[in-house]
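Below is one structure, written out as structure tokens; comments come after it.
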Amino acid sequence: MEDVPPQRARYVAIITDGNGRWAQARGLSVAEGHQAGADVVKARLRDAAEFGVRELTVYSFSTENWSRGAEEVTALMRMFSERLLSETPELKEEGVRMRFIGSRDRVAAALLEQMDWAEAETAHNTAITLFVAFNYGGRAEILRAAERYAGGGEDTFRQGLYAPEMHDPDLVIRTSGEQRLSNYLLWQSAYSELVFAEELWPDFSREAFAAALDAYAGRARRFGGR
């Protein structure tokens with residue numbers, strides 16, 4: 001089997017790491033770092049649509065993040081709610097479809113209602129789909145699917161995942177220089193290409209995003225063949 005050079009990545013997932021370190025380096029609060037990171041998510045989402053990406057998945061809040069200080073978690077939840085309410089109409093106008101993947105456990109009922117509202121408001125959009133991994137853990141997702149699985153192969157197993165319609169990412173990007181998946185899309189990223197960027201997430205520019213996509217386009221994918 002010959003190597004087949006891939007085209008542009010159409011399904012991209014990002015581990016948006018480094019908000020806290022970015023804020024600390026500037027004498028800012030962690031909450032301000034997360035606000036800056038949220039601004040970059042919106043900017044790179046727009047870039048993704050221009051670059052021909054069809055699905056962008058971002059790691060917003062992991063199941064492990066509950067172990068952070070109560071003040072930081074509270075600020076994150078407040079910011080998530082405020083951004084959801086203020087930005088959903090704008091994203092709807094831009095043709096963005098929003099989907100949330102993750103456990104609903106421990107998430108406030110009011111926030112769950114807002115998430116359902118955002119999904120319903122954008123359900124018919126087709127420019128790009130933004131999957132937000134919120135209260136998400138890859139192992140928990142696989143266990144959930146296993147509990148629902150009664151046999152039938154991988155396609156049937158996939159129906160138990162949080163978003164069965166989500167394509168496996170062509171490319172997974174992690175910022176901040178760390179080189180691990182951190183319990184992110186463990187099932188879906190089995191054959192994803194990986195790019196580890198040195199930039200902290202708030203510094204991850206359009207040019208850095210384009211460079212990651214170019215790195216992917218220059219690779220040959222074999223999927224276990226020769």
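Naming scheme: A, B, ... for chains in displayed order of the structure tokens; residues 1 onward per chain; ligands 1 onward as shown.
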So that I can check the surroundings of range 102-114 of chain A, please list as number ranges by chain every protein, DNA and RNA residue that reaches within 7 Å of it, counting only C-alpha atoms and ignoring chain neighbours fewer than 2 positions away. A: 81, 100, 116-118, 133-137, 162
Those residues you just picked out, can you put them in a file as a compact mmCIF listing (two decimals), in the first residue's frame with N, CA and C atoms?
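New file part.txt:
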# COMPACT_ATOMS: atom_id res chain seq x y z
N SER A 81 -21.14 30.48 30.49
CA SER A 81 -22.54 30.89 30.37
C SER A 81 -22.67 32.24 29.67
N PHE A 100 -22.32 20.15 21.79
CA PHE A 100 -21.57 19.96 23.03
C PHE A 100 -21.42 18.47 23.30
N ASP A 116 -28.45 23.52 25.50
CA ASP A 116 -29.50 22.98 24.63
C ASP A 116 -30.04 24.06 23.70
N TRP A 117 -30.20 25.27 24.25
CA TRP A 117 -30.70 26.39 23.45
C TRP A 117 -29.74 26.72 22.31
N ALA A 118 -28.45 26.78 22.62
CA ALA A 118 -27.45 27.10 21.59
C ALA A 118 -27.45 26.04 20.50
N ALA A 133 -16.04 20.31 23.69
CA ALA A 133 -15.89 19.24 24.67
C ALA A 133 -15.93 19.87 26.06
N PHE A 134 -17.07 19.73 26.71
CA PHE A 134 -17.33 20.40 27.99
C PHE A 134 -17.70 19.35 29.02
N ASN A 135 -17.00 19.35 30.15
CA ASN A 135 -17.12 18.26 31.14
C ASN A 135 -16.89 16.93 30.43
N TYR A 136 -15.80 16.91 29.67
CA TYR A 136 -15.52 15.79 28.77
C TYR A 136 -14.31 14.98 29.26
N GLY A 137 -14.41 13.67 29.11
CA GLY A 137 -13.29 12.77 29.35
C GLY A 137 -13.39 11.61 28.37
N TYR A 162 -20.71 10.38 22.46
CA TYR A 162 -21.48 11.61 22.70
C TYR A 162 -22.02 12.21 21.41
Report the residues of chain A whose backbone DSSP state falls under alpha helix (DSSP H), written as number ranges by chain. A: 19-25, 30-50, 70-93, 109-121, 138-148, 154-158, 206-217
Exercise for the section: One decimal, Å: what's the distance from CA of Ala140 in chain A over to CA of Thr16 in chain A, could you say? Expected result: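 Pair CA of Ala140 in chain A / CA of Thr16 in chain A returns 20.0 Å.
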Restricting to only C-alpha atoms, whichever of A:Val12, A:Leu171, A:Leu76, A:Ala220 is closest to Glu32 in chain A is A:Leu76
Practice task
Can you work out which one of A:Thr88, A:Gln159, A:Ser192, A:Ser67 has the shortest atom-to-atom distance to Glu141 in chain A, counting only C-alpha atoms?
Solution key: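 Distance minimum relative to Glu141 in chain A lands on A:Gln159.
Take the candidates A:Ser29, A:Thr129, A:Asn65, A:Gln179 and check each one against Arg10 in chain A using only C-alpha atoms; the shortest distance goes to A:Thr129.
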What residues in chain A get the DSSP label strand (DSSP E)? Please answer as a PDB file with N, CA and C atoms, in the first residue's frame.
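Contents of result-v3.pdb, as written:
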ATOM      1  N   TYR A  11     -11.239  17.881   9.350  1.00  0.00           N
ATOM      2  CA  TYR A  11     -11.762  17.631  10.699  1.00  0.00           C
ATOM      3  C   TYR A  11     -10.602  17.813  11.677  1.00  0.00           C
ATOM      4  N   VAL A  12     -10.689  18.850  12.497  1.00  0.00           N
ATOM      5  CA  VAL A  12      -9.571  19.254  13.350  1.00  0.00           C
ATOM      6  C   VAL A  12     -10.032  19.342  14.796  1.00  0.00           C
ATOM      7  N   ALA A  13      -9.214  18.834  15.698  1.00  0.00           N
ATOM      8  CA  ALA A  13      -9.474  18.949  17.134  1.00  0.00           C
ATOM      9  C   ALA A  13      -8.290  19.647  17.785  1.00  0.00           C
ATOM     10  N   ILE A  14      -8.580  20.485  18.774  1.00  0.00           N
ATOM     11  CA  ILE A  14      -7.532  21.256  19.436  1.00  0.00           C
ATOM     12  C   ILE A  14      -7.643  21.112  20.954  1.00  0.00           C
ATOM     13  N   ILE A  15      -6.499  20.880  21.594  1.00  0.00           N
ATOM     14  CA  ILE A  15      -6.389  20.968  23.052  1.00  0.00           C
ATOM     15  C   ILE A  15      -5.865  22.363  23.345  1.00  0.00           C
ATOM     16  N   GLU A  55     -15.257  20.604  10.521  1.00  0.00           N
ATOM     17  CA  GLU A  55     -15.564  20.380  11.929  1.00  0.00           C
ATOM     18  C   GLU A  55     -14.354  20.769  12.775  1.00  0.00           C
ATOM     19  N   LEU A  56     -14.596  21.583  13.795  1.00  0.00           N
ATOM     20  CA  LEU A  56     -13.553  21.974  14.733  1.00  0.00           C
ATOM     21  C   LEU A  56     -14.022  21.588  16.131  1.00  0.00           C
ATOM     22  N   THR A  57     -13.204  20.803  16.818  1.00  0.00           N
ATOM     23  CA  THR A  57     -13.531  20.375  18.177  1.00  0.00           C
ATOM     24  C   THR A  57     -12.525  20.989  19.136  1.00  0.00           C
ATOM     25  N   VAL A  58     -13.018  21.651  20.180  1.00  0.00           N
ATOM     26  CA  VAL A  58     -12.127  22.294  21.147  1.00  0.00           C
ATOM     27  C   VAL A  58     -12.386  21.732  22.540  1.00  0.00           C
ATOM     28  N   TYR A  59     -11.301  21.543  23.287  1.00  0.00           N
ATOM     29  CA  TYR A  59     -11.360  21.007  24.649  1.00  0.00           C
ATOM     30  C   TYR A  59     -11.603  22.174  25.587  1.00  0.00           C
ATOM     31  N   SER A  60     -12.837  22.337  26.034  1.00  0.00           N
ATOM     32  CA  SER A  60     -13.209  23.504  26.811  1.00  0.00           C
ATOM     33  C   SER A  60     -13.067  23.279  28.314  1.00  0.00           C
ATOM     34  N   PHE A  61     -13.516  22.115  28.782  1.00  0.00           N
ATOM     35  CA  PHE A  61     -13.478  21.815  30.221  1.00  0.00           C
ATOM     36  C   PHE A  61     -13.500  20.311  30.358  1.00  0.00           C
ATOM     37  N   SER A  62     -12.467  19.755  31.003  1.00  0.00           N
ATOM     38  CA  SER A  62     -12.376  18.302  31.124  1.00  0.00           C
ATOM     39  C   SER A  62     -12.982  17.835  32.440  1.00  0.00           C
ATOM     40  N   VAL A  96     -22.446  28.866  11.876  1.00  0.00           N
ATOM     41  CA  VAL A  96     -21.794  27.873  12.725  1.00  0.00           C
ATOM     42  C   VAL A  96     -22.847  27.004  13.409  1.00  0.00           C
ATOM     43  N   ARG A  97     -22.658  25.706  13.321  1.00  0.00           N
ATOM     44  CA  ARG A  97     -23.482  24.759  14.069  1.00  0.00           C
ATOM     45  C   ARG A  97     -22.729  24.380  15.336  1.00  0.00           C
ATOM     46  N   MET A  98     -23.399  24.466  16.477  1.00  0.00           N
ATOM     47  CA  MET A  98     -22.756  24.168  17.759  1.00  0.00           C
ATOM     48  C   MET A  98     -23.256  22.842  18.312  1.00  0.00           C
ATOM     49  N   ARG A  99     -22.316  22.052  18.831  1.00  0.00           N
ATOM     50  CA  ARG A  99     -22.638  20.787  19.498  1.00  0.00           C
ATOM     51  C   ARG A  99     -21.754  20.658  20.721  1.00  0.00           C
ATOM     52  N   PHE A 100     -22.319  20.149  21.792  1.00  0.00           N
ATOM     53  CA  PHE A 100     -21.569  19.961  23.029  1.00  0.00           C
ATOM     54  C   PHE A 100     -21.421  18.471  23.303  1.00  0.00           C
ATOM     55  N   ILE A 101     -20.192  18.063  23.593  1.00  0.00           N
ATOM     56  CA  ILE A 101     -19.942  16.660  23.906  1.00  0.00           C
ATOM     57  C   ILE A 101     -19.358  16.577  25.306  1.00  0.00           C
ATOM     58  N   ILE A 128     -19.793  25.435   9.215  1.00  0.00           N
ATOM     59  CA  ILE A 128     -18.812  24.668   9.985  1.00  0.00           C
ATOM     60  C   ILE A 128     -19.502  24.215  11.271  1.00  0.00           C
ATOM     61  N   THR A 129     -19.100  23.063  11.785  1.00  0.00           N
ATOM     62  CA  THR A 129     -19.620  22.598  13.062  1.00  0.00           C
ATOM     63  C   THR A 129     -18.553  22.778  14.125  1.00  0.00           C
ATOM     64  N   LEU A 130     -18.927  23.428  15.224  1.00  0.00           N
ATOM     65  CA  LEU A 130     -18.050  23.590  16.375  1.00  0.00           C
ATOM     66  C   LEU A 130     -18.503  22.615  17.455  1.00  0.00           C
ATOM     67  N   PHE A 131     -17.678  21.602  17.711  1.00  0.00           N
ATOM     68  CA  PHE A 131     -17.925  20.683  18.820  1.00  0.00           C
ATOM     69  C   PHE A 131     -17.160  21.208  20.030  1.00  0.00           C
ATOM     70  N   VAL A 132     -17.880  21.435  21.121  1.00  0.00           N
ATOM     71  CA  VAL A 132     -17.269  21.923  22.351  1.00  0.00           C
ATOM     72  C   VAL A 132     -17.243  20.775  23.350  1.00  0.00           C
ATOM     73  N   ALA A 133     -16.041  20.311  23.687  1.00  0.00           N
ATOM     74  CA  ALA A 133     -15.886  19.238  24.666  1.00  0.00           C
ATOM     75  C   ALA A 133     -15.933  19.868  26.058  1.00  0.00           C
ATOM     76  N   PHE A 134     -17.069  19.731  26.713  1.00  0.00           N
ATOM     77  CA  PHE A 134     -17.326  20.398  27.993  1.00  0.00           C
ATOM     78  C   PHE A 134     -17.703  19.346  29.022  1.00  0.00           C
ATOM     79  N   ASN A 135     -17.004  19.347  30.153  1.00  0.00           N
ATOM     80  CA  ASN A 135     -17.119  18.260  31.135  1.00  0.00           C
ATOM     81  C   ASN A 135     -16.885  16.934  30.425  1.00  0.00           C
ATOM     82  N   TYR A 136     -15.801  16.908  29.666  1.00  0.00           N
ATOM     83  CA  TYR A 136     -15.518  15.787  28.771  1.00  0.00           C
ATOM     84  C   TYR A 136     -14.313  14.981  29.260  1.00  0.00           C
ATOM     85  N   LEU A 171      -6.618  15.730  12.261  1.00  0.00           N
ATOM     86  CA  LEU A 171      -5.501  16.378  12.934  1.00  0.00           C
ATOM     87  C   LEU A 171      -5.902  16.778  14.344  1.00  0.00           C
ATOM     88  N   VAL A 172      -5.042  16.455  15.303  1.00  0.00           N
ATOM     89  CA  VAL A 172      -5.191  16.937  16.675  1.00  0.00           C
ATOM     90  C   VAL A 172      -4.020  17.864  16.981  1.00  0.00           C
ATOM     91  N   ILE A 173      -4.325  19.085  17.401  1.00  0.00           N
ATOM     92  CA  ILE A 173      -3.313  20.084  17.745  1.00  0.00           C
ATOM     93  C   ILE A 173      -3.353  20.304  19.254  1.00  0.00           C
ATOM     94  N   ARG A 174      -2.185  20.324  19.872  1.00  0.00           N
ATOM     95  CA  ARG A 174      -2.100  20.737  21.273  1.00  0.00           C
ATOM     96  C   ARG A 174      -1.122  21.889  21.383  1.00  0.00           C
ATOM     97  N   GLU A 193      -3.381  12.549  12.909  1.00  0.00           N
ATOM     98  CA  GLU A 193      -2.050  13.140  12.938  1.00  0.00           C
ATOM     99  C   GLU A 193      -1.989  14.109  14.119  1.00  0.00           C
ATOM    100  N   LEU A 194      -0.815  14.213  14.734  1.00  0.00           N
ATOM    101  CA  LEU A 194      -0.645  15.057  15.911  1.00  0.00           C
ATOM    102  C   LEU A 194       0.343  16.178  15.619  1.00  0.00           C
ATOM    103  N   VAL A 195      -0.006  17.399  16.056  1.00  0.00           N
ATOM    104  CA  VAL A 195       0.901  18.539  15.981  1.00  0.00           C
ATOM    105  C   VAL A 195       0.944  19.172  17.365  1.00  0.00           C
ATOM    106  N   PHE A 196       2.151  19.307  17.920  1.00  0.00           N
ATOM    107  CA  PHE A 196       2.331  19.937  19.216  1.00  0.00           C
ATOM    108  C   PHE A 196       2.980  21.300  19.001  1.00  0.00           C
TER     109      PHE A 196
END
Neighbours of Glu94 in chain A within 9 Å (only C-alpha atoms; same-chain residues fewer than 3 positions away dropped), as a compact mmCIF listing (two decimals) with N, CA and C atoms, in the first residue's frame?
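And here is the file that came out, out_31.txt:
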# COMPACT_ATOMS: atom_id res chain seq x y z
N ARG A 46 -13.25 31.13 13.11
CA ARG A 46 -13.47 31.85 11.85
C ARG A 46 -12.38 31.50 10.83
N PRO A 89 -25.99 34.04 19.09
CA PRO A 89 -26.64 34.71 17.95
C PRO A 89 -25.65 35.09 16.85
N GLU A 90 -24.46 35.53 17.23
CA GLU A 90 -23.43 35.90 16.26
C GLU A 90 -22.96 34.67 15.48
N LEU A 91 -22.72 33.58 16.18
CA LEU A 91 -22.30 32.35 15.51
C LEU A 91 -23.40 31.82 14.60
N ASN A 125 -27.40 25.11 10.69
CA ASN A 125 -26.27 25.78 10.04
C ASN A 125 -25.32 24.75 9.42
N ALA A 127 -22.08 25.96 7.63
CA ALA A 127 -20.76 26.49 7.26
C ALA A 127 -19.65 25.70 7.92
As a PDB file with C-alpha atoms, in the first residue's frame, please: the residues near Pro202 in chain A (cut-off 8 Å, only C-alpha atoms, same-chain neighbours under 5 positions excluded).
ATOM      1  CA  GLY A  18      -1.834  27.347  28.335  1.00  0.00           C
ATOM      2  CA  ASN A  19      -4.365  29.997  29.424  1.00  0.00           C
ATOM      3  CA  TRP A  22      -0.182  32.965  29.707  1.00  0.00           C
ATOM      4  CA  GLY A  33      -6.319  34.110  30.839  1.00  0.00           C
ATOM      5  CA  ALA A  36      -8.236  35.666  26.362  1.00  0.00           C
ATOM      6  CA  GLY A  37      -8.334  31.995  25.420  1.00  0.00           C
ATOM      7  CA  ASP A  39     -11.379  35.156  22.323  1.00  0.00           C
ATOM      8  CA  VAL A  40      -8.832  33.036  20.450  1.00  0.00           C
TER       9      VAL A  40
END
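When CA of Gly177 in chain A is paired with CA of Trp201 in chain A, their separation reads 10.0 Å.
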- Could you tell me how far CA of Leu181 in chain A lies from CA of Ala145 in chain A, in Å and to one decimal?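 Straight-line distance from CA of Leu181 in chain A to CA of Ala145 in chain A works out to 19.7 Å.
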TODO: Determine the nearest neighbour of Ala23 in chain A from the options A:Gln35, A:Ser205, A:Ser86, A:Gln7, counting only C-alpha atoms.
DONE: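 Once distances to Ala23 in chain A are computed over only C-alpha atoms, the minimum belongs to A:Gln35.
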Exercise for the section: Name all residues at most 12 Å from Glu154 in chain A (count only C-alpha atoms; drop same-chain ones fewer than 6 positions away) and give them as a PyMOL selection string. Expected result: chain A and resi 142+145-146+160-161+164+187-188
Could you write those residues out with C-alpha atoms, as a short mmCIF file (atom, residue, chain, number, x, y, z; two decimals), in the first residue's frame?
data_model
loop_
_atom_site.label_atom_id
_atom_site.label_comp_id
_atom_site.auth_asym_id
_atom_site.auth_seq_id
_atom_site.Cartn_x
_atom_site.Cartn_y
_atom_site.Cartn_z
CA ILE A 142 -15.74 5.00 25.91
CA ALA A 145 -20.52 3.63 24.80
CA ALA A 146 -19.49 0.22 26.14
CA GLY A 160 -22.94 5.22 21.98
CA LEU A 161 -20.43 8.08 21.78
CA PRO A 164 -21.86 9.69 16.74
CA TRP A 187 -11.58 6.63 20.47
CA GLN A 188 -11.79 9.16 17.65
#
Subject >> Nearest to Arg54 in chain A, chosen from A:Lys92, A:Arg206, A:Arg158, A:Arg8, with only C-alpha atoms counted in the distances >> reply: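 Once distances to Arg54 in chain A are computed over only C-alpha atoms, the minimum belongs to A:Arg8.
Using only C-alpha atoms, the nearest neighbour of Asp17 in chain A within the list A:Phe157, A:Tyr191, A:Phe80, A:Phe204 is A:Phe204.
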For Gly138 in chain A, please output as a short mmCIF file (atom, residue, chain, number, x, y, z; two decimals) with C-alpha atoms, in the first residue's frame all residues within 7 Å (counting only C-alpha atoms; exclusion window: fewer than 4 positions along the same chain).
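The resulting file, part-v3.cif, is shown below:
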data_model
loop_
_atom_site.label_atom_id
_atom_site.label_comp_id
_atom_site.auth_asym_id
_atom_site.auth_seq_id
_atom_site.Cartn_x
_atom_site.Cartn_y
_atom_site.Cartn_z
CA ILE A 142 -15.74 5.00 25.91
CA ASN A 183 -7.88 11.98 27.92
CA TYR A 184 -9.13 13.75 24.78
CA LEU A 185 -11.01 11.96 21.98
CA LEU A 186 -9.27 8.67 22.71
#
